[in-house]
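Undergrad: Please see the structure below; I have some questions.
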Amino acid sequence: MSYEQFYQLREQPFSNTPDPRFFFEVDQHAEVLARLMHAVNTMKGLAVVVGDVGTGKTTLARRMLDQLDDDRYESAMLVIIHSAITAEWLLRKIASQIGVEDLAEEKVGILSQIYQRLVELHQLGKKAVVLIDEANMLQQQSLMEELRGFLNLEVPGSKLITFILFGLSNLEENLALDPPLVQRVAVKCRLTSLKPDAVKAYIRHRLKIAGATREIFSDEVMAQIATDSRGIPRLINTIGDNVLLEGYLLKRERIDVALVRDVVRDLAPGT
């Protein structure tokens, strides 16, 4: 038997793997999404979302990507997994993301292909949007200059492409490597941790999506998780998952505050 079966859940409610079904839109998420959609729909060129580790940047990025339907947008998400990428790699990757095929060998040729593709999309009435997650990994001035070059591609009255960068707070320092690029940031948003009431609503939402039909966490338990997680969604998930596992092993029908404290104490430092 698994803890899902023990607590009569269809699936694990607190997985840290991004899943749009579990997206919980608090007020700040709704506001950030509205600002980002404004940036996209008016082709502002560059928007930035920053936040601490675990505050939901990737989840928000995927949520936004889901909202960009194929009829109106040519959209894609690029995830930067390390800081050793080159400007040429970025150029080629973005070209592929917006649908450029048979890439030229030389940079000048690739830029020409990108411009032609963006003009084609503009004529079709589609907006080109590239979301870049973990953008704080873009740590070289040449990469910032490459992004700025894209923002110079425009037609009268409109940019031809909009980038939305999601990253840790040091993303702002990286953008400053190219001061003219900083001046081109049209929208900037900051994600913060959840307030206690939002944490409770977040937990209830995830349990409901996972199939919970009875109360497993009391208000006191959720308040304790809110305190121990500091309102950081990733830590809420980590604590919640471990609490359910420990509760199952101890055959506890309902979770209590003491169990939450024991789990948090046993988790790795930083949780």
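Identifiers for the structure tokens are assigned positionally: chains receive A, B, ... in sequence, residues are indexed from 1 per chain, and ligands are indexed from 1 in the order shown.
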Show which residues sit within 9 Å of Phe14 (chain A), as a ChimeraX atom specification. Count only C-alpha atoms, and ignore same-chain residues fewer than 3 positions away.
TA: /A:17,22,203,206-207,210,234,236-241
Undergrad: Please give the complete set of residues from region 65-132 of chain A that DSSP, run on the backbone, assigns to alpha helix (DSSP H), formatted as a PyMOL selection string.
TA: chain A and resi 65-67+87-97+107-123
Undergrad: What's the 12 Å shell around Arg204 (chain A), counting only C-alpha atoms, without same-chain residues fewer than 4 positions away, as a ChimeraX atom specification?
TA: /A:13-14,22,24,197-200,208-219,221-222,236,240
Undergrad: How would the residues just chosen look if you wrote them out with N, CA, C and O atoms as an mmCIF file, in the first residue's frame?
TA:
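Just written: part_34.cif:
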data_model
loop_
_atom_site.group_PDB
_atom_site.id
_atom_site.type_symbol
_atom_site.label_atom_id
_atom_site.label_comp_id
_atom_site.auth_asym_id
_atom_site.auth_seq_id
_atom_site.Cartn_x
_atom_site.Cartn_y
_atom_site.Cartn_z
ATOM 1 N N PRO A 13 -0.278 14.606 -4.003
ATOM 2 C CA PRO A 13 -0.690 16.010 -4.136
ATOM 3 C C PRO A 13 0.449 17.022 -4.082
ATOM 4 O O PRO A 13 0.249 18.181 -4.474
ATOM 5 N N PHE A 14 1.622 16.603 -3.629
ATOM 6 C CA PHE A 14 2.670 17.585 -3.371
ATOM 7 C C PHE A 14 3.949 17.329 -4.175
ATOM 8 O O PHE A 14 5.053 17.607 -3.712
ATOM 9 N N PHE A 22 -2.228 21.363 -11.153
ATOM 10 C CA PHE A 22 -2.104 21.735 -9.745
ATOM 11 C C PHE A 22 -1.840 23.229 -9.557
ATOM 12 O O PHE A 22 -1.642 23.682 -8.440
ATOM 13 N N PHE A 24 -2.071 26.829 -8.700
ATOM 14 C CA PHE A 24 -2.953 27.558 -7.791
ATOM 15 C C PHE A 24 -2.668 29.045 -7.952
ATOM 16 O O PHE A 24 -1.578 29.514 -7.627
ATOM 17 N N ASP A 197 -2.632 32.526 4.909
ATOM 18 C CA ASP A 197 -3.945 32.145 4.385
ATOM 19 C C ASP A 197 -3.831 31.551 2.987
ATOM 20 O O ASP A 197 -4.574 30.624 2.637
ATOM 21 N N ALA A 198 -2.905 32.086 2.194
ATOM 22 C CA ALA A 198 -2.702 31.564 0.840
ATOM 23 C C ALA A 198 -2.080 30.170 0.887
ATOM 24 O O ALA A 198 -2.384 29.325 0.046
ATOM 25 N N VAL A 199 -1.221 29.930 1.885
ATOM 26 C CA VAL A 199 -0.635 28.596 2.040
ATOM 27 C C VAL A 199 -1.734 27.576 2.318
ATOM 28 O O VAL A 199 -1.766 26.482 1.725
ATOM 29 N N LYS A 200 -2.653 27.917 3.200
ATOM 30 C CA LYS A 200 -3.757 26.998 3.519
ATOM 31 C C LYS A 200 -4.596 26.717 2.276
ATOM 32 O O LYS A 200 -4.955 25.560 1.997
ATOM 33 N N LYS A 208 -7.340 18.620 -3.055
ATOM 34 C CA LYS A 208 -8.585 18.423 -3.802
ATOM 35 C C LYS A 208 -8.302 17.864 -5.197
ATOM 36 O O LYS A 208 -8.967 16.923 -5.646
ATOM 37 N N ILE A 209 -7.305 18.444 -5.885
ATOM 38 C CA ILE A 209 -6.953 17.970 -7.223
ATOM 39 C C ILE A 209 -6.492 16.517 -7.165
ATOM 40 O O ILE A 209 -6.762 15.721 -8.073
ATOM 41 N N ALA A 210 -5.823 16.154 -6.075
ATOM 42 C CA ALA A 210 -5.312 14.786 -5.918
ATOM 43 C C ALA A 210 -6.403 13.800 -5.510
ATOM 44 O O ALA A 210 -6.144 12.601 -5.409
ATOM 45 N N GLY A 211 -7.620 14.312 -5.261
ATOM 46 C CA GLY A 211 -8.738 13.415 -4.988
ATOM 47 C C GLY A 211 -9.154 13.288 -3.537
ATOM 48 O O GLY A 211 -9.937 12.398 -3.194
ATOM 49 N N ALA A 212 -8.665 14.160 -2.659
ATOM 50 C CA ALA A 212 -9.027 14.064 -1.244
ATOM 51 C C ALA A 212 -10.525 14.281 -1.053
ATOM 52 O O ALA A 212 -11.102 15.220 -1.605
ATOM 53 N N THR A 213 -11.149 13.420 -0.274
ATOM 54 C CA THR A 213 -12.582 13.533 -0.009
ATOM 55 C C THR A 213 -12.865 13.786 1.464
ATOM 56 O O THR A 213 -14.021 13.861 1.871
ATOM 57 N N ARG A 214 -11.807 13.879 2.262
ATOM 58 C CA ARG A 214 -11.977 14.165 3.683
ATOM 59 C C ARG A 214 -10.824 15.034 4.151
ATOM 60 O O ARG A 214 -9.829 15.207 3.442
ATOM 61 N N GLU A 215 -10.970 15.600 5.340
ATOM 62 C CA GLU A 215 -9.928 16.475 5.868
ATOM 63 C C GLU A 215 -8.767 15.640 6.381
ATOM 64 O O GLU A 215 -8.943 14.778 7.240
ATOM 65 N N ILE A 216 -7.595 15.874 5.827
ATOM 66 C CA ILE A 216 -6.380 15.178 6.265
ATOM 67 C C ILE A 216 -5.515 16.119 7.104
ATOM 68 O O ILE A 216 -4.939 15.712 8.105
ATOM 69 N N PHE A 217 -5.457 17.393 6.694
ATOM 70 C CA PHE A 217 -4.688 18.414 7.416
ATOM 71 C C PHE A 217 -5.658 19.372 8.093
ATOM 72 O O PHE A 217 -6.511 19.981 7.437
ATOM 73 N N SER A 218 -5.526 19.537 9.385
ATOM 74 C CA SER A 218 -6.339 20.526 10.094
ATOM 75 C C SER A 218 -5.793 21.926 9.842
ATOM 76 O O SER A 218 -4.696 22.103 9.298
ATOM 77 N N ASP A 219 -6.547 22.944 10.247
ATOM 78 C CA ASP A 219 -6.074 24.323 10.116
ATOM 79 C C ASP A 219 -4.755 24.520 10.864
ATOM 80 O O ASP A 219 -3.861 25.237 10.410
ATOM 81 N N VAL A 221 -2.432 22.288 11.483
ATOM 82 C CA VAL A 221 -1.351 21.640 10.733
ATOM 83 C C VAL A 221 -0.924 22.514 9.559
ATOM 84 O O VAL A 221 0.275 22.706 9.312
ATOM 85 N N MET A 222 -1.896 23.049 8.835
ATOM 86 C CA MET A 222 -1.556 23.899 7.695
ATOM 87 C C MET A 222 -0.850 25.175 8.133
ATOM 88 O O MET A 222 0.052 25.666 7.453
ATOM 89 N N ILE A 236 6.664 23.979 0.764
ATOM 90 C CA ILE A 236 5.335 23.476 1.163
ATOM 91 C C ILE A 236 5.149 22.064 0.608
ATOM 92 O O ILE A 236 4.713 21.151 1.300
ATOM 93 N N GLY A 240 4.821 18.774 2.829
ATOM 94 C CA GLY A 240 3.554 18.068 2.700
ATOM 95 C C GLY A 240 3.727 16.629 2.271
ATOM 96 O O GLY A 240 3.087 15.713 2.817
#
Undergrad: Quick one: of A:Ala34, A:Ala128, A:Ile81, A:Ala87, who's nearest to Gly99 (chain A), counting only C-alpha atoms?
TA: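 Comparing A:Ala34, A:Ala128, A:Ile81, A:Ala87 against Gly99 (chain A), the winner is A:Ala128.
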Undergrad: Check the DSSP output for the backbone and give back, as a count of residues only, the residues of region 148-250 of chain A in strand (DSSP E or B).
TA: 17
